[in-house]
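Below is one structure; the comments refer to it alone.
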Amino acid sequence: MAEMDTSSGGGHKKGPGVKKSKKLSTRVDLTPMVDLGFLLITFFVFTTTMSQSTAMKMNEPKDDSTQILKVKNSGAMTILLGKGDQVYYYYGQLEADKLSEQFKSTSFKEIRELIVAKKKATNIDDLMFIIKSDKESTFKNAIDILDEMSICDVPPGHYAEVDITETEDLLIRRTEEANNIR
Amino acid sequence: MPKVKIPRKSTAIDMTAMCDVAFLLLSFFILATKQKPPEVLSVTPPASVSSKAAPDKSILITLTKEGKAFLMLGDDTKKGEILQNINDIKGIGLTPGEMAKWKKAAFIGLPLGQIKSSLNAAREIPAGQLPGIPTDSTNNEMIDWMRSITNVYAGTDQKKLEEMLLVKGDNAALYPSFKRIKEAFKKNEIYKFRIVTNGEAVPVGSELYKKGNTK
């Protein structure tokens with residue numbers, strides 16, 4: 001303990017001429033030190049739990065040309081990732097005469113609602129999200145959209161990453177030019 | 001009536017015990033937390049709702065902002081074997097002394113052709129100036145690396161290897177650079193791997209959130 005017996009020589013008689021020295025208490029107020037201790041603890045606790053990195057599973061399909069998955073037009077939604085965090089989408093298959101109607105642009109903020117709406121409107125067996133990343137989209141976009149799939153609880157096997165086609169690439173370029181995205 | 005004297009007690013509490021506890025806890029937390037290995041390559045990974053912690057012992061491919069790929073072999077028991085394997089297959093022709101030196105390197109960020117000369121160079125190239133492992137479609141050396149890794153791990157469980165393979169990419173890395181790494185995996189019949197992300201809470205009200213709450 002931080003207390004010490006400072007009252008020594010209580011009964012001891014001092015001779016004449018011996019000056020009485022002032023007795024100072026050795027007790028220190030430890031409250032600020034306790035405060036500091038707990039402050040540091042809270043700091044360490046918060047900083048350590050925040051920077052935990054996690055691992056996300058990735059399953060890639062086998063490149064097997066004999067096993068091409070046929071998807072119903074009514075259940076398919078194609079999500080395209082473009083430059084500048086832009087998202088484009090269309091339902092079913094692109095038809096040459098209705099391109100501008102089908103091909104729509106959106107953002108990462110709104111895509112969640114669209115995914116959920118599509119999921120609710122479609123029979124689960126027919127549901128398929130086709131994800132295509134443009135060559136100017138980023139790694140973040142590719143991971144975000146996969147994350148979006150797990151946030152919307154789309155079962156595995158009902159979404160897939162597919163290479164972008166030339167027509168789609170051209171459509172993205174044209175939309176980007178029209179919307180002035182760089 | 002005689003007055004009852006209430007003895008006055010001091011309100012000061014002895015803080016020593018509390019101070020002891022505070023610092024004991026502090027020292028416990030400092031010692032118990034694992035030190036993060038110093039990161040030479042600064043990469044900010046994207047966020048995901050995945051809650052599984054990334055394994056420590058791993059084969060990590062880091063993808064920087066510029067799309068450069070770096071390989072870190074975290075499993076020390078197999079590191080020597082992997083390096084030896086790629087040395088034999090690709091005919092780099094390193095001497096045992098050079099091999100030992102190579103084994104000490106924290107990560108690999110050079111084309112195979114430049115490894116011998118860099119090991120003998122007087123000055124090390126700073127991490128920021130390393131060219132990275134080439135992953136172009138014509139010369140994808142990541143395929144060779146993955147082949148050596150699968151060769152060395154051939155005896156062990158495939159699932160164990162899949163759990164060790166990590167890709168850590170920067171937010172701003174372009175998609176094609178990531179795609180070429182995926183191709184390198186696929187060429188070696190690896191279809192499952194993991195992506196290092198920053199943990200993120202499940203958005204309130206989303207489908208996954210509802211599912212988690214009803215369970």
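To be explicit about the labels: the chains of the structure tokens are called A, B, and onward in the order shown, and within each one the residues are counted from 1, while ligands get numbers from 1 in the order they are shown.
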For a quick test of understanding: name the residues of chain B lying within 6 Å of chain A when counting only C-alpha atoms, and present them as an MDAnalysis selection string. chainID B and resid 15 19 22:23 26 46 48 50 52:54 171:176 191:199 207:208
If you count only C-alpha atoms, which residues fall within 8 Å of region 57-65 of chain B, apart from same-chain ones fewer than 6 positions away, as a compact mmCIF listing (two decimals) with N, CA and C atoms, in the first residue's frame?
```txt
# COMPACT_ATOMS: atom_id res chain seq x y z
N LEU B 41 3.84 -3.70 -48.58
CA LEU B 41 2.99 -3.23 -49.65
C LEU B 41 1.72 -2.68 -49.03
N SER B 42 1.44 -1.45 -49.30
CA SER B 42 0.24 -0.89 -48.70
C SER B 42 -0.94 -1.12 -49.63
N VAL B 43 -1.90 -1.85 -49.10
CA VAL B 43 -3.06 -2.24 -49.88
C VAL B 43 -4.29 -2.05 -49.00
N LEU B 71 3.74 -12.26 -54.37
CA LEU B 71 3.41 -13.55 -53.76
C LEU B 71 4.12 -13.67 -52.42
N MET B 72 3.37 -14.05 -51.42
CA MET B 72 3.96 -14.26 -50.10
C MET B 72 3.69 -15.69 -49.69
N LEU B 73 4.74 -16.42 -49.42
CA LEU B 73 4.58 -17.81 -48.99
C LEU B 73 4.70 -17.84 -47.47
N GLY B 74 3.57 -17.97 -46.81
CA GLY B 74 3.56 -17.85 -45.36
C GLY B 74 3.85 -19.14 -44.62
N ASP B 75 3.73 -20.26 -45.32
CA ASP B 75 3.95 -21.55 -44.67
C ASP B 75 5.44 -21.90 -44.75
N MET B 164 -5.88 -22.04 -47.62
CA MET B 164 -4.67 -21.22 -47.44
C MET B 164 -4.50 -20.17 -48.53
N LEU B 165 -5.08 -20.41 -49.67
CA LEU B 165 -4.89 -19.49 -50.78
C LEU B 165 -5.69 -18.21 -50.58
N LEU B 166 -4.98 -17.12 -50.48
CA LEU B 166 -5.65 -15.85 -50.27
C LEU B 166 -5.27 -14.86 -51.36
N VAL B 167 -6.23 -14.08 -51.75
CA VAL B 167 -5.95 -12.98 -52.66
C VAL B 167 -6.34 -11.70 -51.94
N LYS B 168 -5.39 -10.79 -51.88
CA LYS B 168 -5.66 -9.52 -51.23
C LYS B 168 -5.45 -8.44 -52.27
N GLY B 169 -6.50 -7.78 -52.61
CA GLY B 169 -6.38 -6.78 -53.66
C GLY B 169 -6.70 -5.39 -53.17
N ASP B 170 -6.13 -4.42 -53.83
CA ASP B 170 -6.43 -3.04 -53.49
C ASP B 170 -7.76 -2.65 -54.14
N ASN B 171 -8.47 -1.77 -53.45
CA ASN B 171 -9.75 -1.28 -53.96
C ASN B 171 -9.65 -0.79 -55.39
N ALA B 172 -8.55 -0.11 -55.69
CA ALA B 172 -8.44 0.57 -56.98
C ALA B 172 -7.81 -0.31 -58.07
N ALA B 173 -7.44 -1.54 -57.74
CA ALA B 173 -6.86 -2.42 -58.75
C ALA B 173 -7.91 -2.69 -59.82
N LEU B 174 -7.49 -2.71 -61.06
CA LEU B 174 -8.46 -2.92 -62.12
C LEU B 174 -8.83 -4.39 -62.23
N SER B 177 -6.60 -7.35 -63.94
CA SER B 177 -5.45 -7.90 -63.20
C SER B 177 -5.89 -8.99 -62.23
N PHE B 178 -7.08 -8.84 -61.68
CA PHE B 178 -7.63 -9.86 -60.79
C PHE B 178 -8.05 -11.08 -61.60
```
Distance CA of Pro126 (chain B)-CA of Lys101 (chain B), one decimal place?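 Straight-line distance from CA of Pro126 (chain B) to CA of Lys101 (chain B) works out to 16.8 Å.
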When you look at region 123-128 of chain A with a cut-off of 7 Å (counting only C-alpha atoms), what residues show up, excluding the ones that are within fewer than 3 positions of it in the same chain? I need them as a PyMOL selection string. chain A and resi 72+75-77+119+158-159
Quick one: pick out all strand (DSSP E) residues within region 13-181 of chain A from a backbone DSSP run and write them as number ranges by chain. A: 53-59, 76-81, 86-91, 104-107, 128-133, 159-161
Could you save those same residues with N, CA and C atoms as a compact mmCIF listing (two decimals), in the first residue's frame?
```
# COMPACT_ATOMS: atom_id res chain seq x y z
N SER A 53 -9.01 -8.53 -40.31
CA SER A 53 -9.33 -8.81 -41.71
C SER A 53 -10.02 -10.15 -41.81
N THR A 54 -10.94 -10.22 -42.71
CA THR A 54 -11.73 -11.43 -42.87
C THR A 54 -11.47 -12.03 -44.24
N ALA A 55 -11.88 -13.26 -44.39
CA ALA A 55 -11.68 -13.93 -45.67
C ALA A 55 -13.02 -14.25 -46.29
N MET A 56 -13.15 -13.93 -47.55
CA MET A 56 -14.39 -14.22 -48.26
C MET A 56 -14.14 -15.38 -49.20
N LYS A 57 -15.06 -16.32 -49.23
CA LYS A 57 -14.86 -17.49 -50.08
C LYS A 57 -15.16 -17.16 -51.53
N MET A 58 -14.38 -17.74 -52.42
CA MET A 58 -14.62 -17.57 -53.85
C MET A 58 -14.69 -18.95 -54.47
N ASN A 59 -15.72 -19.18 -55.23
CA ASN A 59 -15.83 -20.43 -55.96
C ASN A 59 -15.88 -20.11 -57.44
N ALA A 76 -33.37 -14.40 -65.56
CA ALA A 76 -32.00 -13.91 -65.59
C ALA A 76 -31.93 -12.40 -65.45
N MET A 77 -30.96 -11.97 -64.70
CA MET A 77 -30.69 -10.54 -64.60
C MET A 77 -29.18 -10.39 -64.76
N THR A 78 -28.79 -9.58 -65.72
CA THR A 78 -27.37 -9.38 -65.95
C THR A 78 -26.96 -8.06 -65.33
N ILE A 79 -25.92 -8.13 -64.51
CA ILE A 79 -25.41 -6.92 -63.87
C ILE A 79 -24.03 -6.64 -64.45
N LEU A 80 -23.85 -5.45 -64.96
CA LEU A 80 -22.57 -5.10 -65.56
C LEU A 80 -21.89 -4.02 -64.73
N LEU A 81 -20.61 -4.19 -64.52
CA LEU A 81 -19.86 -3.22 -63.73
C LEU A 81 -18.99 -2.39 -64.65
N GLN A 86 -19.87 2.58 -61.65
CA GLN A 86 -21.19 2.57 -62.27
C GLN A 86 -21.67 1.13 -62.44
N VAL A 87 -22.96 0.95 -62.30
CA VAL A 87 -23.56 -0.37 -62.48
C VAL A 87 -24.63 -0.27 -63.56
N TYR A 88 -24.63 -1.25 -64.44
CA TYR A 88 -25.66 -1.31 -65.49
C TYR A 88 -26.34 -2.67 -65.38
N TYR A 89 -27.56 -2.73 -65.82
CA TYR A 89 -28.23 -4.03 -65.72
C TYR A 89 -29.28 -4.18 -66.80
N TYR A 90 -29.64 -5.38 -67.07
CA TYR A 90 -30.80 -5.67 -67.92
C TYR A 90 -31.34 -7.03 -67.57
N TYR A 91 -32.62 -7.22 -67.88
CA TYR A 91 -33.26 -8.50 -67.59
C TYR A 91 -33.30 -9.35 -68.85
N LYS A 104 -30.20 -0.49 -68.63
CA LYS A 104 -30.39 0.62 -67.70
C LYS A 104 -29.17 0.81 -66.84
N SER A 105 -28.98 2.02 -66.39
CA SER A 105 -27.83 2.28 -65.52
C SER A 105 -28.31 2.59 -64.12
N THR A 106 -27.50 2.18 -63.15
CA THR A 106 -27.86 2.38 -61.74
C THR A 106 -26.56 2.56 -60.95
N SER A 107 -26.65 2.47 -59.65
CA SER A 107 -25.45 2.61 -58.83
C SER A 107 -25.43 1.51 -57.77
N MET A 128 -31.30 -16.34 -61.76
CA MET A 128 -29.87 -16.34 -62.08
C MET A 128 -29.38 -14.91 -62.26
N PHE A 129 -28.37 -14.59 -61.49
CA PHE A 129 -27.75 -13.28 -61.66
C PHE A 129 -26.44 -13.49 -62.41
N ILE A 130 -26.29 -12.79 -63.50
CA ILE A 130 -25.07 -12.92 -64.28
C ILE A 130 -24.26 -11.64 -64.07
N ILE A 131 -23.07 -11.79 -63.56
CA ILE A 131 -22.25 -10.63 -63.25
C ILE A 131 -21.14 -10.52 -64.30
N LYS A 132 -21.04 -9.37 -64.90
CA LYS A 132 -19.99 -9.17 -65.89
C LYS A 132 -19.22 -7.91 -65.54
N SER A 133 -17.92 -8.05 -65.46
CA SER A 133 -17.09 -6.90 -65.10
C SER A 133 -16.41 -6.35 -66.35
N TYR A 159 -25.81 -17.21 -58.88
CA TYR A 159 -25.13 -16.06 -59.46
C TYR A 159 -23.78 -16.54 -59.99
N ALA A 160 -23.33 -15.91 -61.05
CA ALA A 160 -22.08 -16.34 -61.65
C ALA A 160 -21.40 -15.18 -62.34
N GLU A 161 -20.09 -15.26 -62.35
CA GLU A 161 -19.32 -14.24 -63.07
C GLU A 161 -19.05 -14.76 -64.48
```
Within 8 Å of Gly132 (chain B) using only C-alpha atoms, minus same-chain residues under 4 positions, as a list in words: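 Here the answer would be Lys68, Ala69, Phe70, Ile108, Gly109, Leu110 and Pro111 of chain B.
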Export of prior selection with C-alpha atoms as a tab-separated table (two decimals), in the first residue's frame:
```tsv
chain	number	residue	atom	x	y	z
B	68	LYS	CA	1.23	-5.56	-59.77
B	69	ALA	CA	1.08	-9.01	-58.25
B	70	PHE	CA	3.21	-10.13	-55.31
B	108	ILE	CA	8.35	-12.44	-54.30
B	109	GLY	CA	7.82	-9.54	-56.62
B	110	LEU	CA	10.12	-10.12	-59.56
B	111	PRO	CA	9.84	-11.94	-62.85
```
Per-residue DSSP, chain A, filtered to alpha helix (DSSP H), as a PyMOL selection string: chain A and resi 31-50+99-102+108-121+139-151+166-179
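Closest approach to Lys90 (chain B) from the set B:Arg147, B:Thr135, B:Ile125, B:Asn120 is made by B:Arg147, with distances taken over only C-alpha atoms.
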Counting only C-alpha atoms, which residue out of B:Glu124, B:Glu66, B:Asp136, B:Glu98 sits closest to Gln84 (chain B)?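 Counting only C-alpha atoms, the residue closest to Gln84 (chain B) is B:Glu98.
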Spatial neighbours of Asn85 (chain B), max dist 7 Å, only C-alpha atoms, sep filter under 4 positions, as a ChimeraX atom specification: /B:81,89,148
Store the residues picked out above in a file with N, CA and C atoms, as a short mmCIF file (atom, residue, chain, number, x, y, z; two decimals), in the first residue's frame.
```cif
data_model
loop_
_atom_site.label_atom_id
_atom_site.label_comp_id
_atom_site.auth_asym_id
_atom_site.auth_seq_id
_atom_site.Cartn_x
_atom_site.Cartn_y
_atom_site.Cartn_z
N GLU B 81 10.56 -25.87 -50.30
CA GLU B 81 10.19 -26.85 -51.32
C GLU B 81 9.60 -26.16 -52.55
N ILE B 89 11.86 -26.56 -62.22
CA ILE B 89 10.99 -26.60 -63.39
C ILE B 89 11.35 -25.51 -64.40
N SER B 148 3.84 -24.89 -59.11
CA SER B 148 4.79 -25.36 -58.11
C SER B 148 4.13 -25.54 -56.76
#
```
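Closest approach to Ala201 (chain B) from the set B:Leu112, B:Val49, B:Ile133, B:Ala12 is made by B:Val49, with distances taken over only C-alpha atoms.
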Tell me which protein, DNA and RNA residues are within 12 Å of Arg174 (chain A), counting only C-alpha atoms, leaving out same-chain ones fewer than 5 positions away, and put them as a list of chain:residue names.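 My reading of the contact set: A:Gly82, A:Leu99, A:Ser100, A:Phe103, A:Ser105, A:Thr167, A:Glu168, A:Asp169, A:Asn179, A:Asn180, A:Ile181.
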Can I get the selection written as a PDB file, in the first residue's frame, with N, CA and C atoms?
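Writing the result to selection29.pdb gives the following:
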```pdb
ATOM      1  N   GLY A  82     -19.093  -1.108 -64.517  1.00  0.00           N
ATOM      2  CA  GLY A  82     -18.331  -0.230 -65.407  1.00  0.00           C
ATOM      3  C   GLY A  82     -17.365   0.661 -64.660  1.00  0.00           C
ATOM      4  N   LEU A  99     -32.686  -2.170 -77.312  1.00  0.00           N
ATOM      5  CA  LEU A  99     -31.506  -1.980 -76.466  1.00  0.00           C
ATOM      6  C   LEU A  99     -31.658  -0.867 -75.436  1.00  0.00           C
ATOM      7  N   SER A 100     -32.075   0.280 -75.919  1.00  0.00           N
ATOM      8  CA  SER A 100     -32.126   1.444 -75.019  1.00  0.00           C
ATOM      9  C   SER A 100     -33.166   1.259 -73.916  1.00  0.00           C
ATOM     10  N   PHE A 103     -31.430  -1.760 -71.495  1.00  0.00           N
ATOM     11  CA  PHE A 103     -30.154  -1.487 -70.831  1.00  0.00           C
ATOM     12  C   PHE A 103     -30.285  -0.263 -69.937  1.00  0.00           C
ATOM     13  N   SER A 105     -28.983   2.020 -66.389  1.00  0.00           N
ATOM     14  CA  SER A 105     -27.834   2.276 -65.521  1.00  0.00           C
ATOM     15  C   SER A 105     -28.309   2.591 -64.116  1.00  0.00           C
ATOM     16  N   THR A 167     -20.844  -6.633 -77.487  1.00  0.00           N
ATOM     17  CA  THR A 167     -22.027  -5.772 -77.557  1.00  0.00           C
ATOM     18  C   THR A 167     -22.213  -5.020 -76.249  1.00  0.00           C
ATOM     19  N   GLU A 168     -22.051  -5.749 -75.155  1.00  0.00           N
ATOM     20  CA  GLU A 168     -22.248  -5.125 -73.846  1.00  0.00           C
ATOM     21  C   GLU A 168     -21.183  -4.079 -73.574  1.00  0.00           C
ATOM     22  N   ASP A 169     -19.972  -4.424 -73.978  1.00  0.00           N
ATOM     23  CA  ASP A 169     -18.867  -3.493 -73.797  1.00  0.00           C
ATOM     24  C   ASP A 169     -19.147  -2.191 -74.553  1.00  0.00           C
ATOM     25  N   ASN A 179     -23.302   9.847 -70.493  1.00  0.00           N
ATOM     26  CA  ASN A 179     -23.410  10.364 -69.126  1.00  0.00           C
ATOM     27  C   ASN A 179     -22.159  11.096 -68.669  1.00  0.00           C
ATOM     28  N   ASN A 180     -21.177  11.130 -69.542  1.00  0.00           N
ATOM     29  CA  ASN A 180     -19.924  11.834 -69.260  1.00  0.00           C
ATOM     30  C   ASN A 180     -19.226  11.285 -68.006  1.00  0.00           C
ATOM     31  N   ILE A 181     -18.971  10.005 -68.017  1.00  0.00           N
ATOM     32  CA  ILE A 181     -18.273   9.373 -66.889  1.00  0.00           C
ATOM     33  C   ILE A 181     -16.841   9.071 -67.291  1.00  0.00           C
TER      34      ILE A 181
END
```
To one decimal in Å, tell me the separation between CA of Pro134 (chain B) and CA of Lys116 (chain B).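 Atom-to-atom, CA of Pro134 (chain B) to CA of Lys116 (chain B), that is 16.2 Å.
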